[in-house]
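Data block for coords-v3.csv (CSV, C-alpha atoms):
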```csv
chain,number,residue,atom,x,y,z
F,17,MET,CA,-13.8,-2.9,23.8
F,18,LYS,CA,-11.4,0.0,23.7
F,19,PHE,CA,-9.7,1.6,20.7
F,20,ALA,CA,-6.0,2.3,20.2
F,21,PHE,CA,-3.7,3.2,17.3
F,22,SER,CA,-0.3,1.8,16.6
F,23,SER,CA,2.7,4.1,16.7
F,24,ASN,CA,4.3,2.3,13.7
F,25,ALA,CA,2.4,4.8,11.4
F,26,PHE,CA,4.1,7.7,13.2
F,27,ARG,CA,7.8,6.9,12.4
F,28,ARG,CA,8.2,10.6,11.4
F,29,TYR,CA,7.3,11.7,14.9
F,30,THR,CA,8.8,11.0,18.3
F,31,LEU,CA,7.0,8.6,20.6
F,32,ILE,CA,6.1,11.5,23.0
F,33,GLU,CA,4.6,13.5,20.1
F,34,THR,CA,2.7,10.4,19.0
F,35,ILE,CA,1.2,10.0,22.4
F,36,GLN,CA,0.1,13.6,22.5
F,37,ILE,CA,-1.5,13.4,19.0
F,38,LEU,CA,-3.4,10.2,19.6
F,39,SER,CA,-4.7,11.5,22.9
F,40,SER,CA,-5.9,14.7,21.3
F,41,LEU,CA,-7.8,12.6,18.7
F,42,GLY,CA,-9.7,10.7,21.4
F,43,TYR,CA,-8.0,7.3,21.5
F,44,GLN,CA,-7.9,5.5,24.7
F,45,GLY,CA,-4.7,3.6,24.0
F,46,ILE,CA,-1.5,3.4,22.0
F,47,GLU,CA,0.4,0.4,20.7
F,48,ILE,CA,4.1,1.2,21.2
F,49,MET,CA,6.5,0.0,18.5
F,50,ALA,CA,9.5,-1.5,20.3
F,51,ASP,CA,11.8,-0.4,17.5
F,52,VAL,CA,13.5,2.7,16.1
F,53,PRO,CA,12.6,5.5,16.2
F,54,HIS,CA,10.2,4.9,19.1
F,55,ALA,CA,11.1,2.4,21.8
F,56,PHE,CA,13.9,0.0,20.8
F,57,PRO,CA,14.6,-1.4,24.3
F,58,LYS,CA,18.4,-1.4,23.9
F,59,HIS,CA,18.4,2.3,23.2
F,60,LEU,CA,16.2,3.4,26.1
F,61,THR,CA,17.5,4.8,29.4
F,62,GLU,CA,15.6,4.6,32.6
F,63,GLY,CA,15.0,8.3,32.1
F,64,ASP,CA,13.4,7.6,28.7
F,65,ILE,CA,11.1,5.1,30.3
F,66,ARG,CA,10.1,7.5,33.0
F,67,ALA,CA,9.4,10.1,30.3
F,68,ILE,CA,7.2,7.7,28.4
F,69,ARG,CA,5.2,6.8,31.5
F,70,LYS,CA,4.7,10.4,32.4
F,71,ALA,CA,3.6,11.3,28.8
F,72,LEU,CA,1.1,8.4,29.0
F,73,GLU,CA,-0.2,9.6,32.4
F,74,ASP,CA,-0.4,13.2,31.4
F,75,ASN,CA,-2.3,12.4,28.2
F,76,GLY,CA,-4.6,9.7,29.7
F,77,LEU,CA,-3.5,6.9,27.4
F,78,GLU,CA,-3.1,3.3,28.2
F,79,ILE,CA,-0.7,0.9,26.4
F,80,SER,CA,-2.7,-1.5,24.3
F,81,ASN,CA,0.3,-3.7,23.4
F,82,ILE,CA,4.0,-3.6,22.9
F,83,ASN,CA,4.7,-4.3,19.2
F,84,ALA,CA,7.8,-6.6,19.3
F,85,PHE,CA,7.4,-7.8,15.7
F,86,MET,CA,9.4,-5.2,13.7
F,87,HIS,CA,13.1,-5.2,14.2
F,88,HIS,CA,14.6,-2.5,12.0
F,89,ALA,CA,17.2,-1.5,14.6
F,90,ASP,CA,19.0,-4.8,13.9
F,91,GLY,CA,17.6,-5.9,10.5
F,92,ASP,CA,14.2,-5.2,9.0
F,93,THR,CA,10.5,-6.0,9.5
F,94,TYR,CA,11.1,-9.7,9.7
F,95,HIS,CA,14.8,-10.2,10.5
F,96,PRO,CA,16.4,-11.4,12.6
F,97,SER,CA,13.6,-13.9,13.0
F,98,TRP,CA,12.9,-16.8,15.3
F,99,ILE,CA,13.8,-19.2,12.5
F,100,GLU,CA,17.1,-17.9,11.0
F,101,SER,CA,19.5,-20.6,9.9
F,102,ASP,CA,22.3,-18.7,11.7
F,103,PRO,CA,22.0,-19.4,15.5
F,104,VAL,CA,23.6,-16.0,16.2
F,105,LEU,CA,20.7,-14.3,14.5
F,106,ARG,CA,18.1,-16.4,16.3
F,107,ALA,CA,19.8,-15.4,19.5
F,108,LYS,CA,19.4,-11.7,18.6
F,109,ARG,CA,15.6,-12.3,18.2
F,110,ILE,CA,15.6,-14.0,21.6
F,111,GLU,CA,17.6,-11.2,23.3
F,112,TYR,CA,15.3,-8.6,21.7
F,113,THR,CA,12.2,-10.3,22.9
F,114,LEU,CA,13.5,-10.6,26.5
F,115,ARG,CA,14.2,-6.9,26.4
F,116,CYS,CA,10.7,-6.2,25.1
F,117,ILE,CA,9.3,-8.3,28.0
F,118,ASP,CA,11.2,-6.2,30.5
F,119,LEU,CA,10.1,-3.0,28.7
F,120,ALA,CA,6.5,-4.0,28.9
F,121,ASN,CA,6.8,-4.7,32.6
F,122,LYS,CA,8.4,-1.3,33.3
F,123,LEU,CA,5.8,0.5,31.2
F,124,GLY,CA,2.8,-1.3,32.7
F,125,ALA,CA,1.8,-3.1,29.5
F,126,LYS,CA,0.2,-6.6,29.7
F,127,THR,CA,1.2,-8.0,26.3
F,128,ILE,CA,3.8,-8.0,23.6
F,129,SER,CA,3.2,-9.2,20.0
F,130,THR,CA,5.7,-11.1,18.0
F,131,GLU,CA,6.1,-12.6,14.5
F,132,PRO,CA,4.8,-16.1,13.8
F,133,GLY,CA,8.3,-17.6,13.3
F,134,GLY,CA,9.4,-15.6,10.3
F,135,PRO,CA,10.0,-16.2,6.5
F,136,LEU,CA,10.9,-19.7,5.7
F,137,GLN,CA,13.3,-18.7,2.9
F,138,GLY,CA,13.9,-22.3,1.7
F,139,MET,CA,13.8,-23.8,5.2
F,140,ASN,CA,11.5,-26.8,5.6
F,141,PRO,CA,8.5,-26.1,7.9
F,142,GLU,CA,9.4,-28.8,10.4
F,143,GLU,CA,12.8,-27.2,11.0
F,144,GLY,CA,11.1,-23.8,11.2
F,145,TYR,CA,8.7,-25.0,13.9
F,146,ARG,CA,11.5,-26.5,15.8
F,147,PHE,CA,13.5,-23.3,15.9
F,148,PHE,CA,10.4,-21.3,16.7
F,149,THR,CA,9.5,-23.5,19.6
F,150,GLU,CA,13.0,-23.4,21.0
F,151,GLY,CA,13.0,-19.6,20.8
F,152,LEU,CA,9.7,-19.2,22.6
F,153,MET,CA,10.8,-21.6,25.3
F,154,ALA,CA,13.9,-19.4,25.8
F,155,VAL,CA,11.7,-16.4,26.7
F,156,GLU,CA,8.8,-18.2,28.4
F,157,LYS,CA,10.2,-18.1,31.9
F,158,ARG,CA,10.9,-14.3,31.8
F,159,ALA,CA,7.4,-13.6,30.5
F,160,ARG,CA,5.8,-15.7,33.2
F,161,GLU,CA,7.9,-14.0,35.9
F,162,LYS,CA,7.0,-10.6,34.7
F,163,GLY,CA,3.4,-11.3,34.1
F,164,ILE,CA,3.6,-10.5,30.4
F,165,ARG,CA,1.7,-12.5,27.7
F,166,ILE,CA,3.5,-13.1,24.4
F,167,LEU,CA,1.0,-12.9,21.5
F,168,ILE,CA,1.8,-14.6,18.2
F,169,GLU,CA,0.6,-12.7,15.1
F,170,PRO,CA,0.0,-14.9,12.0
F,171,GLU,CA,0.9,-13.2,8.8
F,172,PRO,CA,0.8,-14.1,5.1
F,173,GLY,CA,4.0,-15.6,3.8
F,174,LEU,CA,5.5,-16.4,7.2
F,175,LEU,CA,5.8,-19.7,9.1
F,176,ILE,CA,2.3,-19.5,10.6
F,177,GLU,CA,-0.1,-17.6,8.3
F,178,ASN,CA,-3.6,-19.0,9.0
F,179,SER,CA,-5.8,-20.0,11.9
F,180,THR,CA,-5.4,-23.8,11.4
F,181,GLN,CA,-1.6,-23.5,11.7
F,182,PHE,CA,-1.9,-21.2,14.7
F,183,ALA,CA,-4.4,-23.5,16.6
F,184,ALA,CA,-2.2,-26.6,16.1
F,185,PHE,CA,0.9,-24.7,17.3
F,186,PHE,CA,-0.9,-23.1,20.2
F,187,ARG,CA,-2.0,-26.4,21.6
F,188,GLU,CA,1.7,-27.1,22.5
F,189,LEU,CA,2.1,-23.8,24.4
F,190,ASP,CA,1.1,-22.6,27.9
F,191,PRO,CA,-2.0,-20.5,27.4
F,192,ASP,CA,-1.2,-18.5,30.6
F,193,VAL,CA,1.9,-17.2,28.9
F,194,PHE,CA,1.1,-17.2,25.2
F,195,GLY,CA,-1.8,-16.1,23.0
F,196,LEU,CA,-3.0,-14.7,19.7
F,197,ASN,CA,-2.6,-11.2,18.4
F,198,CYS,CA,-5.6,-11.4,16.0
F,199,ASP,CA,-4.8,-9.3,13.0
F,200,ILE,CA,-8.1,-9.1,11.1
F,201,GLY,CA,-6.6,-8.1,7.8
F,202,HIS,CA,-3.9,-10.9,7.8
F,203,PHE,CA,-6.5,-13.6,8.2
F,204,PHE,CA,-8.6,-12.0,5.4
F,205,CYS,CA,-5.5,-12.0,3.1
F,206,VAL,CA,-5.1,-15.8,3.4
F,207,GLY,CA,-8.7,-16.4,2.5
F,208,GLU,CA,-10.2,-16.8,5.9
F,209,ASP,CA,-13.4,-15.4,7.5
F,210,PRO,CA,-12.3,-13.1,10.3
F,211,VAL,CA,-15.7,-13.3,12.0
F,212,GLY,CA,-15.4,-17.1,12.3
F,213,ILE,CA,-11.9,-16.8,13.7
F,214,ILE,CA,-13.0,-14.4,16.3
F,215,THR,CA,-15.5,-16.9,17.6
F,216,ASP,CA,-13.4,-20.0,17.1
F,217,LEU,CA,-10.2,-18.6,18.7
F,218,LYS,CA,-11.8,-16.3,21.3
F,219,HIS,CA,-10.1,-18.4,24.1
F,220,ALA,CA,-6.6,-17.4,22.7
F,221,ILE,CA,-7.2,-13.8,21.6
F,222,HIS,CA,-5.8,-11.1,23.9
F,223,HIS,CA,-5.4,-8.2,21.4
F,224,PHE,CA,-6.7,-7.2,17.9
F,225,HIS,CA,-5.1,-5.4,15.0
F,226,LEU,CA,-7.6,-3.7,12.7
F,227,GLU,CA,-7.2,-2.5,9.2
F,228,ASP,CA,-9.0,-2.9,5.9
F,229,ILE,CA,-7.8,-5.0,2.9
F,230,ALA,CA,-8.6,-4.8,-0.8
F,231,SER,CA,-10.8,-7.4,-2.5
F,232,SER,CA,-7.7,-8.8,-4.2
F,233,ARG,CA,-6.6,-9.8,-0.6
F,234,GLU,CA,-3.2,-8.3,-1.3
F,235,HIS,CA,-1.4,-7.7,2.0
F,236,TYR,CA,-1.5,-4.0,2.1
F,237,HIS,CA,-3.2,-2.2,5.0
F,238,LEU,CA,-6.0,0.2,4.0
F,239,MET,CA,-8.0,2.8,5.8
F,240,LEU,CA,-11.0,1.5,7.6
F,241,GLY,CA,-14.0,1.3,5.3
F,242,GLU,CA,-11.9,1.6,2.1
F,243,GLY,CA,-11.4,-2.2,1.5
F,244,ALA,CA,-13.5,-5.3,1.2
F,245,ILE,CA,-13.6,-6.5,4.8
F,246,ASN,CA,-17.0,-6.2,6.5
F,247,LEU,CA,-15.6,-4.3,9.4
F,248,PRO,CA,-19.0,-3.5,11.1
F,249,GLN,CA,-19.6,-7.3,11.2
F,250,VAL,CA,-16.1,-7.9,12.6
F,251,LEU,CA,-16.5,-5.3,15.3
F,252,GLN,CA,-19.9,-6.7,16.2
F,253,ALA,CA,-18.4,-10.2,16.5
F,254,ILE,CA,-15.6,-8.8,18.8
F,255,SER,CA,-18.3,-7.2,21.0
F,256,GLN,CA,-20.4,-10.4,21.0
F,257,ILE,CA,-17.6,-12.6,22.5
F,258,GLY,CA,-17.5,-10.2,25.4
F,259,TYR,CA,-14.0,-8.9,24.6
F,260,GLU,CA,-13.1,-5.9,26.8
F,261,GLY,CA,-9.5,-5.3,25.8
F,262,PHE,CA,-8.0,-3.1,23.0
F,263,VAL,CA,-8.6,-3.1,19.3
F,264,THR,CA,-5.6,-1.4,17.8
F,265,VAL,CA,-5.8,0.2,14.4
F,266,GLU,CA,-2.6,-0.6,12.5
F,267,LEU,CA,-2.0,1.7,9.5
F,268,TYR,CA,1.8,1.8,9.1
F,269,THR,CA,1.2,2.2,5.3
F,270,TYR,CA,0.1,5.8,6.0
F,271,GLU,CA,3.3,7.2,7.3
F,272,GLU,CA,3.2,10.2,5.1
F,273,ARG,CA,-0.2,11.3,6.6
F,274,ALA,CA,-0.3,9.5,9.9
F,275,THR,CA,-2.3,12.1,11.8
F,276,GLU,CA,-5.0,12.2,9.1
F,277,ALA,CA,-5.1,8.4,9.0
F,278,ALA,CA,-5.5,8.2,12.8
F,279,ARG,CA,-8.2,10.8,12.7
F,280,LYS,CA,-10.2,9.2,9.9
F,281,ALA,CA,-9.9,5.8,11.6
F,282,TYR,CA,-11.2,7.2,14.9
F,283,GLU,CA,-14.1,8.8,13.2
F,284,TYR,CA,-15.0,5.5,11.5
F,285,LEU,CA,-15.0,3.7,14.9
F,286,GLN,CA,-17.0,6.4,16.6
F,287,LYS,CA,-19.6,6.2,13.8
F,288,TRP,CA,-19.8,2.5,14.3
F,289,GLN,CA,-20.3,2.9,18.0
F,290,ASP,CA,-23.0,5.4,17.4
F,291,THR,CA,-24.9,3.2,14.9
F,292,GLY,CA,-23.8,-0.3,14.2
F,293,ALA,CA,-22.8,-1.2,17.8
F,294,LYS,CA,-26.4,-0.8,18.9
```

Encoded form (structure tokens):
Amino acid sequence: MKFAFSSNAFRRYTLIETIQILSSLGYQGIEIMADVPHAFPKHLTEGDIRAIRKALEDNGLEISNINAFMHHADGDTYHPSWIESDPVLRAKRIEYTLRCIDLANKLGAKTISTEPGGPLQGMNPEEGYRFFTEGLMAVEKRAREKGIRILIEPEPGLLIENSTQFAAFFRELDPDVFGLNCDIGHFFCVGEDPVGIITDLKHAIHHFHLEDIASSREHYHLMLGEGAINLPQVLQAISQIGYEGFVTVELYTYEERATEAARKAYEYLQKWQDTGAK
């Protein structure tokens, strides 16, 4: 496996600065946030895209994933979602995702991650699943044409929050176009065993998010090793399924000390590779 860090912790830096910092710390990859202030597709010029590609090349970084989950440029972390009651807002999520697919193609990324429907907010689940399915079908063709895989990321409190819900929904999707962004902490928050999920859903996983979570299982991303998840066991499980892609550390909760958080996380992963991985 390869290690990356998500740019969503570096919202006080430009994307170019973030690329330079993560490279200097030793990371192999970066997950690019397709939102303000980094790479909201609607705001990027062709010159901006060339500059991002050059910065990645100059600093020897790959893109682990395009994070197309957050949408602060038009709303907030979750809105506009796939399952808004207002069709105009659902159309905004579809348009945004299409632009993210195009951006991933231009930058040479292989995947984008997206929210698992969104907050229900009083909507019944059946209607939520219908809207979510309609939205994904509206972007499926573009993703297939561009060779970009769309990864659904289950999250506590949203339409799809656990592995059972994901597996049932995924059976109705084309596995050549869709997959799972396996956020270890999210599954832990809803009471699941991340190690079991890694094994059971290995056929669907194409990217990992890694963070720690407190024993309370409150959804708050903690520094690696400072929570209750057995991360060495998790990393060993990822290794044992033969996964060769990126594991991206996601610590957006450390915005005030992003560089320090990225450094500490990298040191943790290096220590695991030097000891626990053997």

From (4.6, 3.8, 5.1), in the file's coordinates, out to 12 Å: which residues are reached, counting only C-alpha atoms? Answer as a PDB file with C-alpha atoms, in the frame of the given file.
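Result written to point30.pdb:
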```
ATOM      1  CA  SER F  23       2.700   4.100  16.700  1.00  0.00           C
ATOM      2  CA  ASN F  24       4.300   2.300  13.700  1.00  0.00           C
ATOM      3  CA  ALA F  25       2.400   4.800  11.400  1.00  0.00           C
ATOM      4  CA  PHE F  26       4.100   7.700  13.200  1.00  0.00           C
ATOM      5  CA  ARG F  27       7.800   6.900  12.400  1.00  0.00           C
ATOM      6  CA  ARG F  28       8.200  10.600  11.400  1.00  0.00           C
ATOM      7  CA  TYR F 236      -1.500  -4.000   2.100  1.00  0.00           C
ATOM      8  CA  HIS F 237      -3.200  -2.200   5.000  1.00  0.00           C
ATOM      9  CA  LEU F 238      -6.000   0.200   4.000  1.00  0.00           C
ATOM     10  CA  GLU F 266      -2.600  -0.600  12.500  1.00  0.00           C
ATOM     11  CA  LEU F 267      -2.000   1.700   9.500  1.00  0.00           C
ATOM     12  CA  TYR F 268       1.800   1.800   9.100  1.00  0.00           C
ATOM     13  CA  THR F 269       1.200   2.200   5.300  1.00  0.00           C
ATOM     14  CA  TYR F 270       0.100   5.800   6.000  1.00  0.00           C
ATOM     15  CA  GLU F 271       3.300   7.200   7.300  1.00  0.00           C
ATOM     16  CA  GLU F 272       3.200  10.200   5.100  1.00  0.00           C
ATOM     17  CA  ARG F 273      -0.200  11.300   6.600  1.00  0.00           C
ATOM     18  CA  ALA F 274      -0.300   9.500   9.900  1.00  0.00           C
ATOM     19  CA  ALA F 277      -5.100   8.400   9.000  1.00  0.00           C
TER      20      ALA F 277
END
```

TODO: Have a look at F:Lys280, F:His235, F:Lys157, F:Lys218 and name the one nearest to Gly258 (chain F); count all atoms listed in the file.
DONE: F:Lys218

Report as JSON lines: every residue of region 85-149 of chain F with an atom at most 12 Å from region 175-179 of chain F, its closest pair of atoms, and their distance in Å to one decimal, counting all atoms listed in the file, with rows sorted by chain and ascending residue number.
```
{"residue": "F:Tyr94", "atom": "CA", "partner": "F:Leu175", "partner_atom": "CA", "distance": 11.3}
{"residue": "F:Ser97", "atom": "CA", "partner": "F:Leu175", "partner_atom": "CA", "distance": 10.5}
{"residue": "F:Trp98", "atom": "CA", "partner": "F:Leu175", "partner_atom": "CA", "distance": 9.9}
{"residue": "F:Ile99", "atom": "CA", "partner": "F:Leu175", "partner_atom": "CA", "distance": 8.7}
{"residue": "F:Glu100", "atom": "CA", "partner": "F:Leu175", "partner_atom": "CA", "distance": 11.6}
{"residue": "F:Thr130", "atom": "CA", "partner": "F:Ile176", "partner_atom": "CA", "distance": 11.7}
{"residue": "F:Glu131", "atom": "CA", "partner": "F:Ile176", "partner_atom": "CA", "distance": 8.8}
{"residue": "F:Pro132", "atom": "CA", "partner": "F:Ile176", "partner_atom": "CA", "distance": 5.3}
{"residue": "F:Gly133", "atom": "CA", "partner": "F:Leu175", "partner_atom": "CA", "distance": 5.3}
{"residue": "F:Gly134", "atom": "CA", "partner": "F:Leu175", "partner_atom": "CA", "distance": 5.6}
{"residue": "F:Pro135", "atom": "CA", "partner": "F:Leu175", "partner_atom": "CA", "distance": 6.1}
{"residue": "F:Leu136", "atom": "CA", "partner": "F:Leu175", "partner_atom": "CA", "distance": 6.1}
{"residue": "F:Gln137", "atom": "CA", "partner": "F:Leu175", "partner_atom": "CA", "distance": 9.8}
{"residue": "F:Gly138", "atom": "CA", "partner": "F:Leu175", "partner_atom": "CA", "distance": 11.3}
{"residue": "F:Met139", "atom": "CA", "partner": "F:Leu175", "partner_atom": "CA", "distance": 9.8}
{"residue": "F:Asn140", "atom": "CA", "partner": "F:Leu175", "partner_atom": "CA", "distance": 9.8}
{"residue": "F:Pro141", "atom": "CA", "partner": "F:Leu175", "partner_atom": "CA", "distance": 7.0}
{"residue": "F:Glu142", "atom": "CA", "partner": "F:Leu175", "partner_atom": "CA", "distance": 9.9}
{"residue": "F:Glu143", "atom": "CA", "partner": "F:Leu175", "partner_atom": "CA", "distance": 10.4}
{"residue": "F:Gly144", "atom": "CA", "partner": "F:Leu175", "partner_atom": "CA", "distance": 7.0}
{"residue": "F:Tyr145", "atom": "CA", "partner": "F:Leu175", "partner_atom": "CA", "distance": 7.7}
{"residue": "F:Arg146", "atom": "CA", "partner": "F:Leu175", "partner_atom": "CA", "distance": 11.1}
{"residue": "F:Phe147", "atom": "CA", "partner": "F:Leu175", "partner_atom": "CA", "distance": 10.9}
{"residue": "F:Phe148", "atom": "CA", "partner": "F:Leu175", "partner_atom": "CA", "distance": 9.0}
{"residue": "F:Thr149", "atom": "CA", "partner": "F:Leu175", "partner_atom": "CA", "distance": 11.8}
```

TODO: Write out as a ChimeraX atom specification which residues come within 12 Å of region 44-46 of chain F when counting all atoms listed in the file, dropping same-chain ones fewer than 6 positions away.
DONE: /F:17-26,31-38,68,71-73,75-83,125,225,261-266,278,282

Open item on the list: Give me the residues near Ile254 (chain F) as a PyMOL selection string, where near means some atom within 10 Å (using all atoms listed in the file) and where sequence neighbours in that chain fewer than 2 positions away do not count.
Closed with: chain F and resi 17+211+214-215+218+224+248-252+256-261+263
